[in-house]
>>> print(open('coords.tsv').read())   # TSV, C-alpha atoms and all ligand atoms
chain	number	residue	atom	x	y	z
L	902	MET	CA	0.00	0.00	0.00
L	903	ASP	CA	2.15	2.79	-1.33
L	904	ASP	CA	1.49	6.39	-2.37
L	905	GLN	CA	0.11	5.35	-5.76
L	906	TRP	CA	-2.34	2.86	-4.29
L	907	VAL	CA	-3.54	5.33	-1.62
L	908	LEU	CA	-4.07	7.99	-4.31
L	909	SER	CA	-5.92	5.54	-6.57
L	910	GLN	CA	-8.56	4.95	-3.87
L	911	ARG	CA	-9.46	8.62	-3.45
L	912	SER	CA	-12.64	10.37	-4.54
L	913	ALA	CA	-12.68	14.03	-5.64
L	914	LYS	CA	-11.66	16.81	-3.27
L	915	ASN	CA	-14.18	19.32	-1.90
L	916	ALA	CA	-14.26	22.79	-3.47
L	917	VAL	CA	-12.30	25.13	-1.17
L	918	ASP	CA	-11.31	28.79	-1.26
L	919	VAL	CA	-7.80	29.74	-0.18
L	920	ARG	CA	-9.14	33.02	1.20
L	921	GLU	CA	-11.29	31.25	3.82
L	922	PRO	CA	-10.60	28.59	6.46
L	923	TYR	CA	-12.78	25.60	5.62
L	924	ALA	CA	-14.06	25.51	9.21
L	925	PHE	CA	-13.54	27.30	12.53
L	926	LEU	CA	-15.01	26.90	16.00
L	927	VAL	CA	-14.41	27.46	19.71
L	928	GLU	CA	-14.55	24.53	22.14
L	929	ASN	CA	-13.49	23.98	25.73
L	930	GLU	CA	-10.30	22.10	26.55
L	931	ARG	CA	-8.31	21.65	29.73
L	932	SER	CA	-5.24	23.86	29.41
L	933	ALA	CA	-1.71	23.30	30.74
L	934	SER	CA	-2.70	25.29	33.86
L	935	GLY	CA	-5.43	22.71	34.61
L	936	LYS	CA	-8.35	25.07	33.90
L	937	VAL	CA	-11.00	24.27	31.27
L	938	GLU	CA	-10.80	27.21	28.87
L	939	PRO	CA	-12.07	28.17	25.42
L	940	VAL	CA	-9.80	27.14	22.54
L	941	ALA	CA	-10.33	28.47	19.01
L	942	THR	CA	-9.66	25.90	16.30
L	943	LEU	CA	-9.14	27.11	12.73
L	944	PHE	CA	-9.01	24.61	9.88
L	945	LEU	CA	-6.91	26.50	7.39
L	946	THR	CA	-7.23	25.98	3.65
L	947	ASN	CA	-3.84	25.41	2.01
L	948	LYS	CA	-1.78	23.17	-0.23
L	949	GLU	CA	-2.14	19.44	0.30
L	950	CYS	CA	0.33	17.63	2.55
L	951	PRO	CA	3.09	15.85	0.60
L	952	PHE	CA	2.68	12.60	2.59
L	953	ARG	CA	0.15	9.90	1.71
L	954	CYS	CA	-0.77	8.24	4.98
L	955	LEU	CA	-3.09	5.28	4.60
L	956	MET	CA	-5.73	6.54	7.04
L	957	CYS	CA	-5.64	10.27	6.24
L	958	ASP	CA	-8.68	12.11	4.89
L	959	LEU	CA	-7.37	15.64	5.40
L	960	TRP	CA	-6.51	16.03	1.69
L	961	LYS	CA	-10.24	16.46	1.00
L	962	ASN	CA	-10.17	20.16	1.94
L	963	THR	CA	-6.84	21.20	0.41
L	964	THR	CA	-5.61	22.78	-2.80
L	965	ASP	CA	-3.12	21.38	-5.33
L	966	GLU	CA	-1.28	24.67	-5.67
L	967	ARG	CA	1.29	26.32	-3.41
L	968	THR	CA	-0.52	28.67	-0.97
L	969	PRO	CA	-0.13	32.30	-2.06
L	970	VAL	CA	1.57	34.73	0.33
L	971	GLY	CA	-1.07	36.63	2.33
L	972	ALA	CA	-3.82	33.99	2.14
L	973	ILE	CA	-3.18	32.44	5.57
L	974	PRO	CA	-3.11	35.73	7.54
L	975	HIS	CA	-6.30	36.70	5.69
L	976	GLN	CA	-7.98	33.41	6.76
L	977	ILE	CA	-6.89	33.84	10.38
L	978	ALA	CA	-8.09	37.45	10.58
L	979	LEU	CA	-11.43	36.48	9.06
L	980	ALA	CA	-12.03	33.62	11.51
L	981	LEU	CA	-10.95	35.66	14.56
L	982	LYS	CA	-13.40	38.40	13.60
L	983	ARG	CA	-16.27	35.90	13.59
L	984	LEU	CA	-15.39	33.74	16.61
L	985	PRO	CA	-16.08	34.44	20.29
L	986	PRO	CA	-12.96	35.18	22.36
L	987	ALA	CA	-10.61	32.33	23.36
L	988	ARG	CA	-7.36	32.08	25.32
L	989	HIS	CA	-5.71	29.43	23.18
L	990	ILE	CA	-5.70	28.73	19.46
L	991	LYS	CA	-5.15	25.71	17.23
L	992	LEU	CA	-4.14	26.36	13.64
L	993	TYR	CA	-4.71	23.04	11.91
L	994	ASN	CA	-3.78	23.09	8.24
L	995	SER	CA	-4.57	19.53	7.10
L	996	GLY	CA	-0.85	18.83	7.00
L	997	ASN	CA	2.29	20.50	8.26
L	998	PHE	CA	2.52	24.07	9.47
L	999	PHE	CA	6.23	24.09	8.60
L	1000	ASP	CA	5.70	22.86	5.03
L	1001	THR	CA	6.76	26.00	3.17
L	1002	LYS	CA	4.43	25.24	0.25
L	1003	ALA	CA	1.45	25.13	2.64
L	1004	ILE	CA	2.30	28.06	4.95
L	1005	PRO	CA	4.73	30.51	3.30
L	1006	PRO	CA	7.48	31.59	5.75
L	1007	ALA	CA	7.00	35.13	4.41
L	1008	ASP	CA	3.68	35.08	6.31
L	1009	TYR	CA	5.08	33.98	9.70
L	1010	ALA	CA	5.47	37.52	11.10
L	1011	GLU	CA	1.95	38.59	10.13
L	1012	ILE	CA	0.50	35.34	11.46
L	1013	ALA	CA	2.39	35.76	14.75
L	1014	ALA	CA	1.09	39.34	15.13
L	1015	LEU	CA	-2.51	38.11	14.69
L	1016	LEU	CA	-1.86	35.53	17.43
L	1017	ASP	CA	-0.69	38.09	20.04
L	1018	PRO	CA	-3.82	37.72	22.21
L	1019	PHE	CA	-3.38	33.95	22.67
L	1020	GLU	CA	-1.53	32.27	25.53
L	1021	THR	CA	-0.98	29.08	23.58
L	1022	VAL	CA	-0.60	28.51	19.85
L	1023	ILE	CA	-0.95	24.91	18.69
L	1024	VAL	CA	0.03	23.86	15.17
L	1025	GLU	CA	0.56	20.43	13.60
L	1026	CYS	CA	3.58	19.03	11.79
L	1027	HIS	CA	5.15	15.78	10.55
L	1028	PRO	CA	8.47	14.92	12.34
L	1029	LYS	CA	10.41	15.18	9.07
L	1030	LEU	CA	9.43	18.86	8.81
L	1031	ILE	CA	10.35	19.79	12.38
L	1032	ASN	CA	13.43	22.01	12.03
L	1033	LYS	CA	14.78	25.48	12.74
L	1034	ARG	CA	11.70	27.10	11.17
L	1035	CYS	CA	9.80	26.02	14.32
L	1036	LEU	CA	12.28	28.04	16.39
L	1037	GLU	CA	12.00	31.08	14.12
L	1038	PHE	CA	8.21	31.02	14.42
L	1039	GLN	CA	8.35	30.46	18.19
L	1040	ALA	CA	10.60	33.52	18.55
L	1041	MET	CA	7.93	35.68	16.86
L	1042	LEU	CA	5.11	34.57	19.17
L	1043	LYS	CA	4.07	36.19	22.45
L	1044	GLY	CA	2.37	32.97	23.59
L	1045	GLN	CA	3.71	29.44	24.04
L	1046	LEU	CA	4.10	27.35	20.88
L	1047	GLU	CA	2.92	23.74	20.98
L	1048	ILE	CA	3.38	21.36	18.07
L	1049	ALA	CA	1.08	18.39	17.55
L	1050	ILE	CA	2.72	15.44	15.82
L	1051	GLY	CA	0.98	12.37	14.39
L	1052	LEU	CA	2.64	9.43	16.11
L	1053	GLU	CA	-0.33	7.24	15.17
L	1054	THR	CA	0.98	3.97	16.64
L	1055	ALA	CA	4.02	2.62	18.45
L	1056	HIS	CA	3.55	-0.72	16.63
L	1057	PRO	CA	6.57	-0.53	14.29
L	1058	ASP	CA	5.13	-2.82	11.58
L	1059	ILE	CA	1.74	-1.13	11.53
L	1060	LEU	CA	3.42	2.29	11.44
L	1061	LEU	CA	5.28	1.14	8.32
L	1062	LYS	CA	2.04	-0.09	6.77
L	1063	LEU	CA	0.42	3.29	7.46
L	1064	ASN	CA	2.81	4.70	4.83
L	1065	LYS	CA	3.57	7.56	7.20
L	1066	GLY	CA	7.08	8.19	5.93
L	1067	MET	CA	8.57	8.08	9.42
L	1068	ASP	CA	9.64	5.59	12.07
L	1069	LEU	CA	9.55	5.74	15.86
L	1070	GLU	CA	13.05	7.22	16.01
L	1071	ASP	CA	11.97	10.14	13.80
L	1072	PHE	CA	9.18	10.88	16.27
L	1073	GLN	CA	11.51	10.57	19.25
L	1074	SER	CA	14.12	12.92	17.74
L	1075	ALA	CA	11.50	15.51	16.76
L	1076	VAL	CA	10.08	15.59	20.31
L	1077	ALA	CA	13.58	15.77	21.84
L	1078	PHE	CA	14.49	18.69	19.51
L	1079	LEU	CA	11.33	20.62	20.43
L	1080	ASN	CA	11.69	19.93	24.16
L	1081	ARG	CA	15.30	21.20	24.02
L	1082	HIS	CA	13.95	24.46	22.65
L	1083	GLN	CA	11.04	24.85	25.12
L	1084	ILE	CA	8.37	24.08	22.51
L	1085	ASN	CA	5.57	21.92	23.92
L	1086	THR	CA	4.44	18.80	22.12
L	1087	ARG	CA	1.28	16.77	21.78
L	1088	ALA	CA	0.96	13.40	20.06
L	1089	PHE	CA	-1.95	12.27	17.93
L	1090	THR	CA	-2.40	8.55	18.53
L	1091	LEU	CA	-4.76	6.15	16.77
L	1092	LEU	CA	-7.08	3.69	18.46
L	1093	LYS	CA	-7.20	0.53	16.36
L	1094	PRO	CA	-5.51	1.39	13.10
L	1095	PRO	CA	-6.08	-1.17	10.31
L	1096	PHE	CA	-4.75	-4.74	10.58
L	1097	LEU	CA	-5.45	-5.00	14.35
L	1098	SER	CA	-8.23	-6.78	16.27
L	1099	GLU	CA	-10.25	-4.89	18.90
L	1100	GLN	CA	-8.15	-6.31	21.75
L	1101	ASP	CA	-4.84	-5.67	19.99
L	1102	GLY	CA	-6.11	-2.21	19.09
L	1103	ILE	CA	-6.61	-1.42	22.78
L	1104	TYR	CA	-3.26	-2.98	23.73
L	1105	TRP	CA	-1.32	-0.98	21.14
L	1106	ALA	CA	-3.18	2.26	21.85
L	1107	LYS	CA	-2.01	1.97	25.47
L	1108	LYS	CA	1.55	1.11	24.38
L	1109	THR	CA	1.46	4.14	22.09
L	1110	LEU	CA	0.57	6.45	25.00
L	1111	ASP	CA	3.44	4.91	27.00
L	1112	PHE	CA	5.84	5.47	24.11
L	1113	ALA	CA	4.74	9.08	23.53
L	1114	PHE	CA	5.14	10.01	27.19
L	1115	ASP	CA	8.51	8.22	27.37
L	1116	CYS	CA	9.61	10.43	24.47
L	1117	GLY	CA	8.62	13.50	26.50
L	1118	VAL	CA	5.35	14.70	25.01
L	1119	ALA	CA	3.13	16.73	27.33
L	1120	THR	CA	-0.26	15.79	25.85
L	1121	CYS	CA	-1.71	12.83	23.97
L	1122	VAL	CA	-4.91	12.75	21.94
L	1123	ILE	CA	-6.54	9.37	21.27
L	1124	ILE	CA	-8.26	9.32	17.90
L	1125	PRO	CA	-10.50	6.37	17.07
L	1126	THR	CA	-9.63	5.31	13.50
L	1127	ARG	CA	-12.25	6.06	10.85
L	1128	ALA	CA	-12.89	5.05	7.26
L	1129	GLY	CA	-14.02	7.59	4.66
L	1130	ASN	CA	-10.91	8.36	2.62
L	1131	GLY	CA	-11.18	5.59	0.01
L	1132	ALA	CA	-8.19	3.52	1.15
L	1133	MET	CA	-9.71	2.82	4.57
L	1134	ASP	CA	-13.06	1.96	3.01
L	1135	TRP	CA	-11.32	-0.59	0.77
L	1136	LEU	CA	-9.61	-2.11	3.81
L	1137	GLU	CA	-12.94	-2.20	5.67
L	1138	ALA	CA	-14.67	-3.91	2.74
L	1139	ASN	CA	-11.83	-6.45	2.57
L	1140	GLY	CA	-11.75	-7.33	6.27
L	1141	ALA	CA	-8.50	-5.54	7.16
L	1142	PHE	CA	-10.16	-2.75	9.15
L	1143	SER	CA	-13.19	-2.37	11.38
L	1144	ARG	CA	-14.07	0.69	13.41
L	1145	PRO	CA	-13.15	0.57	17.11
L	1146	SER	CA	-15.88	0.62	19.74
L	1147	ILE	CA	-16.58	3.66	21.91
L	1148	ILE	CA	-16.08	1.35	24.91
L	1149	SER	CA	-12.49	0.69	23.77
L	1150	LEU	CA	-11.97	4.45	23.58
L	1151	GLU	CA	-13.21	4.78	27.15
L	1152	LYS	CA	-10.80	2.07	28.30
L	1153	VAL	CA	-7.78	3.65	26.64
L	1154	LEU	CA	-8.64	7.13	27.94
L	1155	ALA	CA	-8.95	5.73	31.48
L	1156	TYR	CA	-5.55	4.02	31.10
L	1157	GLY	CA	-3.93	7.25	29.89
L	1158	ILE	CA	-5.40	9.32	32.73
L	1159	LEU	CA	-4.25	6.74	35.30
L	1160	LEU	CA	-0.67	7.13	34.06
L	1161	GLN	CA	-0.70	10.70	35.48
L	1162	THR	CA	2.20	11.55	33.17
L	1163	GLY	CA	0.59	14.25	31.05
L	1164	HIS	CA	-2.79	15.28	29.69
L	1165	VAL	CA	-4.69	12.65	27.72
L	1166	TYR	CA	-7.76	13.51	25.66
L	1167	ALA	CA	-10.15	11.33	23.70
L	1168	ASP	CA	-11.27	12.77	20.38
L	1169	VAL	CA	-15.05	13.08	20.81
L	1170	TRP	CA	-16.03	14.07	17.26
L	1171	ASP	CA	-18.45	11.73	15.40
L	1172	LEU	CA	-18.79	9.36	18.33
L	1173	GLU	CA	-21.99	7.90	16.81
L	1174	TYR	CA	-19.70	6.24	14.24
L	1175	PHE	CA	-18.14	4.14	17.01
L	1176	SER	CA	-21.32	3.12	18.84
L	1177	THR	CA	-24.08	0.69	17.94
L	1178	CYS	CA	-26.21	1.54	20.98
L	1179	PRO	CA	-28.50	4.60	20.84
L	1180	THR	CA	-29.41	4.08	24.52
L	1181	CYS	CA	-26.04	5.02	26.02
L	1182	ILE	CA	-24.23	7.06	23.34
L	1183	GLU	CA	-25.08	10.43	24.93
L	1184	GLN	CA	-24.01	9.23	28.40
L	1185	ARG	CA	-20.75	7.91	26.98
L	1186	ARG	CA	-20.10	11.14	25.08
L	1187	GLN	CA	-20.72	13.10	28.28
L	1188	ARG	CA	-18.47	10.77	30.28
L	1189	LEU	CA	-15.59	11.07	27.80
L	1190	THR	CA	-15.94	14.86	27.59
L	1191	THR	CA	-15.97	15.25	31.37
L	1192	MET	CA	-13.00	12.88	31.77
L	1193	ASN	CA	-11.14	14.99	29.17
L	1194	HIS	CA	-11.87	18.11	31.21
L	1195	LEU	CA	-11.21	16.75	34.70
L	1196	GLN	CA	-8.48	14.23	33.83
L	1197	LYS	CA	-10.19	11.93	36.29
L	1198	ILE	CA	-11.85	8.57	35.78
L	1199	LEU	CA	-15.64	8.67	36.21
L	1200	PRO	CA	-17.87	5.68	37.07
L	1201	GLU	CA	-18.47	3.37	34.11
L	1202	ILE	CA	-21.78	3.52	32.22
L	1203	ASN	CA	-24.07	0.56	32.87
L	1204	CYS	CA	-25.90	-0.47	29.73
L	1205	SER	CA	-26.96	-3.83	28.29
L	1206	CYS	CA	-24.58	-3.22	25.33
L	1207	SER	CA	-21.49	-3.41	27.53
L	1301	LIG	S1	1.27	13.62	7.49
L	1301	LIG	FE1	-0.72	14.10	8.45
L	1301	LIG	S2	-1.80	15.36	6.95
L	1301	LIG	FE2	-0.09	14.39	5.88
L	1301	LIG	S3	-1.00	12.57	4.96
L	1301	LIG	FE3	-0.14	11.97	6.95
L	1301	LIG	S4	-1.83	12.16	8.42
L	1301	LIG	FE4	-2.42	13.28	6.56
L	1302	ZN	ZN	-25.58	0.91	25.40
>>> encode(input="coords.tsv", output="structure tokens")
Amino acid sequence: MDDQWVLSQRSAKNAVDVREPYAFLVENERSASGKVEPVATLFLTNKECPFRCLMCDLWKNTTDERTPVGAIPHQIALALKRLPPARHIKLYNSGNFFDTKAIPPADYAEIAALLDPFETVIVECHPKLINKRCLEFQAMLKGQLEIAIGLETAHPDILLKLNKGMDLEDFQSAVAFLNRHQINTRAFTLLKPPFLSEQDGIYWAKKTLDFAFDCGVATCVIIPTRAGNGAMDWLEANGAFSRPSIISLEKVLAYGILLQTGHVYADVWDLEYFSTCPTCIEQRRQRLTTMNHLQKILPEINCSCS
């Protein structure tokens, strides 16, 4: 399953406009200080990521062309004008903030000036694109820079099969580099990537949290693996992938919180996709959200489905 195969499974991209973020919202998240505070998340429209990860669907809202200078500051200003106030901001660009074709370095200073009001600025980047540009951008910010990196899984063979273009050492070195320069890190980790059973999915999701914290990340996000990008749908149809259960997500979040090593959050978007029980889905969503906020384990939900 190489780049060509992943590309061959894709459908068409969505129509996007490089002068507008394709989405933006404010949600509550527990911050480094331990308080639950509003975080603005902007989904910036820019050039597609050069990697071709097996499970990625972020290409759907990207352009094929290099992002023009000025477009990203324009998108940020537009979203900030329309959003309620927040103390922290995530700039997610469907790829790598330090990919110069996606976010032109000529825009860094203007972007940093727009971010003056925020205490924390979170961007995402592949380990192979973590370099001195991160330090240049950090030096322009008033707030604390945090970089989210897709670790996905600590299972070395599955990581290879994900076509991620990195190994565990790349992740480790990127985190060490950022920690040396006082840039915070968060790891995106997958619950039950393809080729794993439910039980192995849980086991490796826990091992992945252990690995990320051993590398020195401050925060881990557990993302239940989804289909929907073509490649994953093919794997699902051919028995190599099935969606994880919301109960597995609850178990892995509880494990991560018990570690007491750093913050651990479960991704709570589209939770209906991971549940077959309409009776308890809302209770489970509420439980996961509250556990994210409190970083404490709440009593389990009693339902006939579990
Ligand atoms: S590096 Fe991130 S954005 Fe790029 S293809 Fe992989 S998962 Fe998607
Ligand atoms: Zn139920």
>>> residues_near_ligand(input="coords.tsv", ligand="ligand ZN 1302 (chain L)", cutoff="10 Å", atoms="only C-alpha atoms and all ligand atoms", output="ChimeraX atom specification")
/L:1148,1176-1185,1202-1207
>>> residues_near_ligand(input="coords.tsv", ligand="ligand LIG 1301 (chain L)", cutoff="6 Å", atoms="all atoms listed in the file", output="ChimeraX atom specification")
/L:950,952-954,957,959,995-996,1027,1065
>>> write_last_selection(input="coords.tsv", atoms="C-alpha atoms", output="short mmCIF file (atom, residue, chain, number, x, y, z; two decimals), keeping the file's coordinate frame")
data_model
loop_
_atom_site.label_atom_id
_atom_site.label_comp_id
_atom_site.auth_asym_id
_atom_site.auth_seq_id
_atom_site.Cartn_x
_atom_site.Cartn_y
_atom_site.Cartn_z
CA CYS L 950 0.33 17.63 2.55
CA PHE L 952 2.68 12.60 2.59
CA ARG L 953 0.15 9.90 1.71
CA CYS L 954 -0.77 8.24 4.98
CA CYS L 957 -5.64 10.27 6.24
CA LEU L 959 -7.37 15.64 5.40
CA SER L 995 -4.57 19.53 7.10
CA GLY L 996 -0.85 18.83 7.00
CA HIS L 1027 5.15 15.78 10.55
CA LYS L 1065 3.57 7.56 7.20
#
>>> residues_around(input="coords.tsv", residues="segment 1080-1083 of chain L", least_positions_apart="5", cutoff="9 Å", atoms="only C-alpha atoms", output="number ranges by chain")
L: 1036, 1045-1046, 1075, 1117-1118
>>> residues_around(input="coords.tsv", residues="Leu926 of chain L", least_positions_apart="5", cutoff="7 Å", atoms="all atoms listed in the file", output="list in words")
Ala941, Thr942, Leu943 and Leu984 of chain L
>>> closest_residue(input="coords.tsv", among="L:Ile990, L:Met956, L:Leu1016, L:Leu908", to="Pro974 of chain L", atoms="all atoms listed in the file")
L:Leu1016
>>> atom_distance(input="coords.tsv", atom1="atom CA of Pro986 of chain L", atom2="atom CA of Pro939 of chain L")
7.7 Å
>>> residues_near_point(input="coords.tsv", point="(-14.2, 6.6, 33.9)", cutoff="12 Å", atoms="all atoms listed in the file", output="count of residues only")
32
